[in-house]
file my_file.txt (compact mmCIF, C-alpha atoms)
# COMPACT_ATOMS: atom_id res chain seq x y z
CA MET A 1 105.60 68.98 60.31
CA LYS A 2 106.99 71.87 62.34
CA LEU A 3 110.36 71.59 64.07
CA SER A 4 108.77 72.02 67.51
CA GLN A 5 106.37 69.16 66.80
CA ILE A 6 109.23 66.91 65.67
CA ARG A 7 111.16 67.72 68.85
CA SER A 8 108.12 66.98 71.03
CA ARG A 9 107.57 63.65 69.27
CA ASN A 10 111.23 62.70 69.65
CA ILE A 11 111.19 63.60 73.34
CA ALA A 12 108.05 61.51 73.93
CA LEU A 13 109.56 58.57 72.05
CA PHE A 14 112.80 58.85 74.03
CA MET A 15 110.94 58.90 77.36
CA LEU A 16 108.87 55.84 76.33
CA VAL A 17 111.95 53.85 75.31
CA ALA A 18 113.77 54.88 78.48
CA SER A 19 110.82 53.68 80.59
CA ILE A 20 110.75 50.31 78.81
CA ILE A 21 114.50 49.87 79.30
CA ILE A 22 114.21 50.65 83.02
CA TYR A 23 111.39 48.10 83.45
CA VAL A 24 113.44 45.46 81.59
CA ILE A 25 116.41 46.12 83.88
CA ASP A 26 114.08 45.91 86.88
CA TYR A 27 112.79 42.54 85.68
CA PHE A 28 116.30 41.09 85.38
CA ILE A 29 117.23 42.37 88.85
CA VAL A 30 114.01 41.50 90.73
CA GLY A 31 112.88 38.65 88.55
CA ASN A 32 109.26 38.97 89.65
CA ILE A 33 106.88 40.18 86.95
CA ARG A 34 104.03 40.45 89.51
CA ASP A 35 105.86 43.03 91.61
CA ILE A 36 106.75 45.00 88.51
CA TYR A 37 103.11 44.86 87.39
CA LEU A 38 101.82 46.04 90.77
CA GLY A 39 104.40 48.81 90.88
CA PHE A 40 103.45 49.92 87.39
CA LEU A 41 99.75 49.86 88.26
CA GLY A 42 100.35 51.92 91.42
CA ASN A 43 102.40 54.49 89.52
CA PHE A 44 99.81 54.62 86.77
CA ALA A 45 97.04 55.23 89.33
CA PHE A 46 99.04 58.10 90.83
CA LEU A 47 99.79 59.59 87.39
CA PRO A 48 96.61 61.80 87.12
CA ILE A 49 97.31 63.31 90.55
CA TYR A 50 100.92 63.92 89.61
CA VAL A 51 99.96 65.53 86.30
CA LEU A 52 97.35 67.69 88.05
CA PHE A 53 99.85 68.82 90.68
CA VAL A 54 102.58 69.63 88.16
CA THR A 55 100.11 71.41 85.85
CA LEU A 56 98.77 73.58 88.66
CA MET A 57 102.26 74.46 89.86
CA ILE A 58 103.50 75.31 86.38
CA GLU A 59 100.35 77.32 85.66
CA ARG A 60 100.81 79.25 88.91
CA VAL A 61 104.45 80.03 88.12
CA LEU A 62 103.61 81.13 84.57
CA LYS A 63 100.75 83.36 85.76
CA GLU A 64 103.01 84.95 88.37
CA ARG A 65 105.62 85.66 85.70
CA GLU A 66 102.94 87.15 83.44
CA ARG A 67 101.68 89.37 86.26
CA GLU A 68 105.20 90.54 87.03
CA ALA A 69 105.91 91.27 83.35
CA LEU A 70 102.61 93.17 83.09
CA ARG A 71 103.40 95.11 86.27
CA GLN A 72 106.74 96.16 84.87
CA LYS A 73 105.14 97.30 81.60
CA LEU A 74 102.48 99.26 83.46
CA ASN A 75 105.03 100.93 85.70
CA MET A 76 107.03 101.89 82.63
CA VAL A 77 103.95 103.51 81.06
CA ILE A 78 103.12 105.27 84.34
CA GLY A 79 106.71 106.45 84.62
CA VAL A 80 106.54 107.99 81.16
CA PHE A 81 103.28 109.70 82.12
CA PHE A 82 104.76 111.31 85.21
CA SER A 83 107.89 112.29 83.33
CA GLU A 84 105.95 113.97 80.53
CA VAL A 85 102.79 115.17 82.28
CA GLY A 86 102.21 114.10 85.86
CA THR A 87 105.00 115.85 87.72
CA MET A 88 104.31 119.21 86.07
CA LEU A 89 100.57 118.71 86.50
CA ILE A 90 101.07 118.21 90.24
CA THR A 91 102.89 121.55 90.34
CA ASP A 92 100.14 123.32 88.39
CA CYS A 93 97.26 121.82 90.36
CA SER A 94 98.97 122.46 93.70
CA SER A 95 98.62 126.19 93.09
CA PHE A 96 94.83 125.77 93.44
CA VAL A 97 94.99 124.09 96.88
CA ARG A 98 93.56 126.30 99.61
CA GLU A 99 95.58 124.91 102.51
CA PRO A 100 98.66 123.21 101.04
CA GLY A 101 100.80 123.19 104.19
CA GLU A 102 100.08 119.76 105.68
CA LEU A 103 99.69 118.13 102.27
CA SER A 104 103.10 119.42 101.19
CA GLN A 105 104.75 118.26 104.41
CA ARG A 106 103.28 114.76 104.13
CA LEU A 107 104.50 114.30 100.56
CA ARG A 108 108.12 115.29 101.09
CA PHE A 109 109.70 111.93 100.36
CA SER A 110 113.22 111.12 101.46
CA PRO A 111 115.71 108.33 100.60
CA GLN A 112 115.13 106.89 104.08
CA TRP A 113 111.45 106.19 103.46
CA THR A 114 110.13 102.64 103.83
CA ASP A 115 106.91 100.87 102.85
CA LYS A 116 105.47 101.89 106.21
CA ASP A 117 105.94 105.58 105.36
CA PHE A 118 104.17 105.14 102.04
CA THR A 119 101.30 103.29 103.73
CA GLN A 120 100.88 106.18 106.15
CA VAL A 121 100.78 108.68 103.28
CA LYS A 122 98.17 106.62 101.44
CA ASP A 123 96.04 106.49 104.58
CA PHE A 124 96.44 110.26 104.95
CA LEU A 125 95.30 110.89 101.38
CA ASP A 126 92.31 108.58 101.87
CA GLY A 127 91.19 110.50 104.95
CA HIS A 128 92.22 114.02 103.98
CA GLU A 129 89.88 116.26 101.99
CA ILE A 130 91.79 118.53 99.66
CA ARG A 131 90.03 121.86 99.25
CA MET A 132 90.53 123.50 95.86
CA ASP A 133 89.87 127.03 94.66
CA SER A 134 90.03 127.53 90.90
CA SER A 135 90.55 131.26 91.38
CA ARG A 136 93.87 130.80 93.22
CA GLY A 137 95.90 129.50 90.29
CA ASP A 138 96.38 130.20 86.61
CA LEU A 139 93.59 128.42 84.73
CA LEU A 140 94.86 129.63 81.38
CA ALA A 141 98.33 128.19 81.98
CA LEU A 142 96.79 124.90 83.15
CA LYS A 143 94.61 124.75 80.03
CA SER A 144 97.56 125.49 77.76
CA PHE A 145 99.70 122.79 79.35
CA LEU A 146 96.98 120.14 79.21
CA LEU A 147 96.09 120.88 75.59
CA GLU A 148 99.77 120.58 74.72
CA LYS A 149 99.88 117.10 76.31
CA LYS A 150 96.47 115.89 75.12
CA ASP A 151 97.76 113.89 72.14
CA PHE A 152 100.38 112.25 74.33
CA MET A 153 97.75 111.07 76.81
CA LEU A 154 95.49 109.85 74.00
CA ARG A 155 98.34 107.62 72.85
CA LEU A 156 98.65 106.29 76.38
CA LEU A 157 95.01 105.19 76.28
CA GLU A 158 95.80 103.09 73.22
CA ASN A 159 98.07 100.90 75.36
CA PRO A 160 96.13 97.64 76.01
CA ASN A 161 98.07 97.05 79.24
CA LEU A 162 96.18 99.91 80.87
CA LEU A 163 93.02 97.78 80.85
CA GLU A 164 94.61 95.93 83.80
CA HIS A 165 95.09 99.12 85.84
CA ASP A 166 91.75 100.69 86.69
CA GLU A 167 93.20 103.36 89.01
CA PHE A 168 95.53 104.80 86.40
CA THR A 169 92.81 104.68 83.76
CA ASP A 170 90.53 106.61 86.14
CA LEU A 171 93.31 109.19 86.50
CA LEU A 172 93.55 109.66 82.73
CA TRP A 173 89.78 110.01 82.39
CA ALA A 174 89.69 112.59 85.19
CA VAL A 175 92.42 114.59 83.46
CA PHE A 176 90.66 114.31 80.09
CA HIS A 177 87.45 115.57 81.64
CA LEU A 178 89.32 118.55 83.05
CA ILE A 179 90.77 119.25 79.60
CA GLU A 180 87.30 119.15 78.03
CA GLU A 181 85.89 121.49 80.68
CA LEU A 182 88.65 124.03 80.17
CA GLU A 183 88.61 123.70 76.38
CA ALA A 184 84.82 124.12 76.18
CA ARG A 185 84.95 127.64 77.64
CA ARG A 186 85.76 130.42 75.21
CA SER A 187 87.25 132.50 78.00
CA LEU A 188 88.41 131.66 81.51
CA ASN A 189 88.14 135.25 82.67
CA ALA A 190 85.26 136.62 84.76
CA LEU A 191 83.51 133.26 85.09
CA PRO A 192 80.45 133.03 87.38
CA ILE A 193 81.12 131.87 90.94
CA ALA A 194 79.12 128.68 90.41
CA ASP A 195 81.18 127.85 87.33
CA MET A 196 84.43 128.49 89.21
CA GLU A 197 83.26 126.10 91.92
CA HIS A 198 82.48 123.50 89.25
CA LEU A 199 86.01 123.83 87.86
CA SER A 200 87.38 123.55 91.39
CA GLY A 201 85.64 120.18 91.67
CA ASP A 202 87.07 119.01 88.35
CA ILE A 203 90.59 120.03 89.37
CA LYS A 204 90.14 118.34 92.75
CA ARG A 205 89.04 115.07 91.13
CA ALA A 206 92.05 114.97 88.83
CA TYR A 207 94.41 116.05 91.60
CA ASN A 208 93.20 113.36 94.01
CA HIS A 209 93.73 110.61 91.44
CA LEU A 210 97.06 112.13 90.47
CA LEU A 211 98.48 112.20 93.99
CA ARG A 212 97.39 108.65 94.79
CA GLU A 213 98.94 107.22 91.64
CA TRP A 214 102.06 109.31 92.18
CA VAL A 215 102.56 107.90 95.69
CA VAL A 216 102.14 104.33 94.39
CA TYR A 217 104.62 105.02 91.59
CA MET A 218 107.13 106.55 94.01
CA GLN A 219 106.89 103.47 96.20
CA HIS A 220 107.62 101.32 93.16
CA LEU A 221 110.73 103.40 92.43
CA MET A 222 111.84 103.14 96.05
CA ARG A 223 111.59 99.33 95.93
CA ASP A 224 112.92 98.55 92.45
CA TYR A 225 114.84 101.57 91.15
CA PRO A 226 116.59 103.46 93.98
CA TYR A 227 118.52 105.68 91.54
CA LEU A 228 115.29 106.86 89.91
CA PHE A 229 113.75 107.34 93.36
CA SER A 230 116.72 109.52 94.32
CA LEU A 231 116.09 111.78 91.32
CA ALA A 232 112.35 111.88 92.04
CA VAL A 233 113.06 112.95 95.63
CA ARG A 234 115.34 115.72 94.39
CA THR A 235 112.74 116.97 91.92
CA ASN A 236 109.69 116.52 94.17
CA PRO A 237 107.08 119.10 93.03
CA MET A 238 105.51 119.07 96.52
CA ASN A 239 108.74 120.09 98.21
CA PRO A 240 109.73 123.73 97.54
CA GLU A 241 113.10 123.01 99.16
CA ALA A 242 113.96 120.17 96.76
CA ARG A 243 117.06 120.69 94.62
CA VAL A 244 118.21 118.42 91.85
CA GLU A 245 121.87 119.12 92.67
CA ILE A 246 123.20 116.64 95.24
CA ALA A 247 124.46 118.31 98.42
CA ASP A 248 123.93 115.36 100.77
CA GLN A 249 125.71 112.04 100.17
CA SER A 250 122.65 110.16 101.53
CA LEU A 251 120.78 111.12 98.36

call {"tool": "encode", "arguments": {"input": "my_file.txt", "output": "structure tokens"}}
result
Amino acid sequence: MKLSQIRSRNIALFMLVASIIIYVIDYFIVGNIRDIYLGFLGNFAFLPIYVLFVTLMIERVLKEREREALRQKLNMVIGVFFSEVGTMLITDCSSFVREPGELSQRLRFSPQWTDKDFTQVKDFLDGHEIRMDSSRGDLLALKSFLLEKKDFMLRLLENPNLLEHDEFTDLLWAVFHLIEELEARRSLNALPIADMEHLSGDIKRAYNHLLREWVVYMQHLMRDYPYLFSLAVRTNPMNPEARVEIADQSL
């Protein structure tokens, strides 16, 4: 018999003996076996409700702990992605944006930001159409960077925790599709206009997913890891004025 089973049996036996002792003491104090019987019957009738209540509460607490542990694991994976790929990919893809002015201004985080600021940015991204032009940036450099990071992202897909995060999985698939499109072309020079427009759409898809997940991740850092949020603000790829060196004590 396993040690855990022995402990469980001993605990059950102890509780049973303790209950018997308490009822015996109650009998000597009250001296009325009928009252003890009725009290026992009433408690026994309430027992299923009590067990149900305790079980539901314990199950709820355990599920909440599991969700929190899973959330922390997912955020760790997402953090590694942005450290290795995402932040640089934002920089590369931003060079293809036709009108980057307002987008750049909206995504200049600061240490004073609150959840309300992040909600406003999310609403802006949901309602703002980002126009991309694949001829504005360096497609060859983008292809080279993505091919370099392809194996890393494939390993991310092997993480079973990602099955619980559809948005981040969609981001990875959008980036993988962009890699395949760029890799499938022998040359990225002198492409037909229609093909350039197709690549613009692929870059836009990946970029949209990327920015949304980045904002969510930045909000997580703001809430739970202020020191990491401070570094992310100082290395913000959407802010050309960002400097990693600290010149303001508020950072």

call {"tool": "residues_near_point", "arguments": {"input": "my_file.txt", "point": "(107.4, 100.1, 95.7)", "cutoff": "12 Å", "atoms": "only C-alpha atoms", "output": "list of chain:residue names"}}
result
A:Arg71, A:Gln72, A:Asn75, A:Trp113, A:Thr114, A:Asp115, A:Lys116, A:Asp117, A:Phe118, A:Thr119, A:Glu213, A:Trp214, A:Val215, A:Val216, A:Tyr217, A:Met218, A:Gln219, A:His220, A:Leu221, A:Met222, A:Arg223, A:Asp224, A:Tyr225, A:Pro226, A:Leu228, A:Phe229

call {"tool": "residues_around", "arguments": {"input": "my_file.txt", "residues": "Cys93 (chain A)", "least_positions_apart": "3", "cutoff": "8 Å", "atoms": "only C-alpha atoms", "output": "list in words"}}
result
Leu89, Ile90, Phe96, Val97, Gly137, Leu142, Ile203 and Tyr207 of chain A

call {"tool": "closest_residue", "arguments": {"input": "my_file.txt", "among": "A:His209, A:His198, A:Lys122, A:Arg108", "to": "Asp166 (chain A)", "atoms": "all atoms listed in the file"}}
result
A:His209

call {"tool": "atom_distance", "arguments": {"input": "my_file.txt", "atom1": "CA of Pro100 (chain A)", "atom2": "CA of Pro240 (chain A)"}}
result
11.6 Å

call {"tool": "atom_distance", "arguments": {"input": "my_file.txt", "atom1": "CA of Leu62 (chain A)", "atom2": "CA of Ser19 (chain A)"}}
result
28.7 Å

call {"tool": "atom_distance", "arguments": {"input": "my_file.txt", "atom1": "CA of Asn10 (chain A)", "atom2": "CA of Glu59 (chain A)"}}
result
24.3 Å

call {"tool": "closest_residue", "arguments": {"input": "my_file.txt", "among": "A:Ile25, A:Val77, A:Leu107, A:Leu188", "to": "Met238 (chain A)", "atoms": "only C-alpha atoms"}}
result
A:Leu107

call {"tool": "residues_around", "arguments": {"input": "my_file.txt", "residues": "Leu162 (chain A)", "least_positions_apart": "2", "cutoff": "12 Å", "atoms": "only C-alpha atoms", "output": "PyMOL selection string"}}
result
chain A and resi 70-78+153+155-160+164-172

call {"tool": "closest_residue", "arguments": {"input": "my_file.txt", "among": "A:Leu231, A:Ile130, A:Ala194, A:Leu139", "to": "Asn208 (chain A)", "atoms": "only C-alpha atoms"}}
result
A:Ile130

call {"tool": "closest_residue", "arguments": {"input": "my_file.txt", "among": "A:Gly201, A:Gly127, A:Val85, A:Met132", "to": "Leu146 (chain A)", "atoms": "all atoms listed in the file"}}
result
A:Val85

call {"tool": "closest_residue", "arguments": {"input": "my_file.txt", "among": "A:Ala190, A:Leu125, A:Leu154, A:Leu199", "to": "Leu178 (chain A)", "atoms": "all atoms listed in the file"}}
result
A:Leu199

call {"tool": "closest_residue", "arguments": {"input": "my_file.txt", "among": "A:Ser94, A:Gln112, A:Gln120, A:Val17", "to": "Val233 (chain A)", "atoms": "all atoms listed in the file"}}
result
A:Gln112

call {"tool": "residues_near_point", "arguments": {"input": "my_file.txt", "point": "(87.8, 126.4, 74.9)", "cutoff": "12 Å", "atoms": "only C-alpha atoms", "output": "list of chain:residue names"}}
result
A:Leu139, A:Leu140, A:Lys143, A:Ser144, A:Leu146, A:Leu147, A:Leu178, A:Ile179, A:Glu180, A:Glu181, A:Leu182, A:Glu183, A:Ala184, A:Arg185, A:Arg186, A:Ser187, A:Leu188, A:Asn189

call {"tool": "write_last_selection", "arguments": {"input": "my_file.txt", "atoms": "C-alpha atoms", "output": "PDB file, in the frame of the given file"}}
result
ATOM      1  CA  LEU A 139      93.590 128.420  84.730  1.00  0.00           C
ATOM      2  CA  LEU A 140      94.860 129.630  81.380  1.00  0.00           C
ATOM      3  CA  LYS A 143      94.610 124.750  80.030  1.00  0.00           C
ATOM      4  CA  SER A 144      97.560 125.490  77.760  1.00  0.00           C
ATOM      5  CA  LEU A 146      96.980 120.140  79.210  1.00  0.00           C
ATOM      6  CA  LEU A 147      96.090 120.880  75.590  1.00  0.00           C
ATOM      7  CA  LEU A 178      89.320 118.550  83.050  1.00  0.00           C
ATOM      8  CA  ILE A 179      90.770 119.250  79.600  1.00  0.00           C
ATOM      9  CA  GLU A 180      87.300 119.150  78.030  1.00  0.00           C
ATOM     10  CA  GLU A 181      85.890 121.490  80.680  1.00  0.00           C
ATOM     11  CA  LEU A 182      88.650 124.030  80.170  1.00  0.00           C
ATOM     12  CA  GLU A 183      88.610 123.700  76.380  1.00  0.00           C
ATOM     13  CA  ALA A 184      84.820 124.120  76.180  1.00  0.00           C
ATOM     14  CA  ARG A 185      84.950 127.640  77.640  1.00  0.00           C
ATOM     15  CA  ARG A 186      85.760 130.420  75.210  1.00  0.00           C
ATOM     16  CA  SER A 187      87.250 132.500  78.000  1.00  0.00           C
ATOM     17  CA  LEU A 188      88.410 131.660  81.510  1.00  0.00           C
ATOM     18  CA  ASN A 189      88.140 135.250  82.670  1.00  0.00           C
TER      19      ASN A 189
END

call {"tool": "decode", "arguments": {"input": "my_file.txt", "residues": "region 228-239 of chain A", "atoms": "N, CA and C atoms", "output": "mmCIF file, in the first residue's frame"}}
result
data_model
loop_
_atom_site.group_PDB
_atom_site.id
_atom_site.type_symbol
_atom_site.label_atom_id
_atom_site.label_comp_id
_atom_site.auth_asym_id
_atom_site.auth_seq_id
_atom_site.Cartn_x
_atom_site.Cartn_y
_atom_site.Cartn_z
ATOM 1 N N LEU A 228 10.294 45.106 -15.978
ATOM 2 C CA LEU A 228 10.359 44.677 -17.374
ATOM 3 C C LEU A 228 9.593 45.652 -18.274
ATOM 4 N N PHE A 229 8.506 46.198 -17.743
ATOM 5 C CA PHE A 229 7.747 47.194 -18.504
ATOM 6 C C PHE A 229 8.592 48.444 -18.731
ATOM 7 N N SER A 230 9.359 48.830 -17.734
ATOM 8 C CA SER A 230 10.241 49.993 -17.868
ATOM 9 C C SER A 230 11.240 49.783 -19.002
ATOM 10 N N LEU A 231 11.836 48.596 -19.067
ATOM 11 C CA LEU A 231 12.786 48.307 -20.145
ATOM 12 C C LEU A 231 12.086 48.293 -21.495
ATOM 13 N N ALA A 232 10.879 47.706 -21.543
ATOM 14 C CA ALA A 232 10.132 47.642 -22.803
ATOM 15 C C ALA A 232 9.775 49.039 -23.294
ATOM 16 N N VAL A 233 9.453 49.942 -22.373
ATOM 17 C CA VAL A 233 9.153 51.328 -22.758
ATOM 18 C C VAL A 233 10.392 51.994 -23.346
ATOM 19 N N ARG A 234 11.553 51.701 -22.750
ATOM 20 C CA ARG A 234 12.794 52.337 -23.197
ATOM 21 C C ARG A 234 13.371 51.717 -24.460
ATOM 22 N N THR A 235 12.801 50.590 -24.877
ATOM 23 C CA THR A 235 13.260 49.949 -26.120
ATOM 24 C C THR A 235 12.094 49.781 -27.094
ATOM 25 N N ASN A 236 11.083 50.613 -26.953
ATOM 26 C CA ASN A 236 9.875 50.543 -27.766
ATOM 27 C C ASN A 236 10.212 50.737 -29.249
ATOM 28 N N PRO A 237 9.984 49.713 -30.093
ATOM 29 C CA PRO A 237 10.328 49.843 -31.519
ATOM 30 C C PRO A 237 9.422 50.823 -32.275
ATOM 31 N N MET A 238 8.295 51.215 -31.682
ATOM 32 C CA MET A 238 7.387 52.160 -32.321
ATOM 33 C C MET A 238 7.686 53.602 -31.941
ATOM 34 N N ASN A 239 8.656 53.786 -31.059
ATOM 35 C CA ASN A 239 9.002 55.132 -30.613
ATOM 36 C C ASN A 239 10.439 55.453 -31.023
#
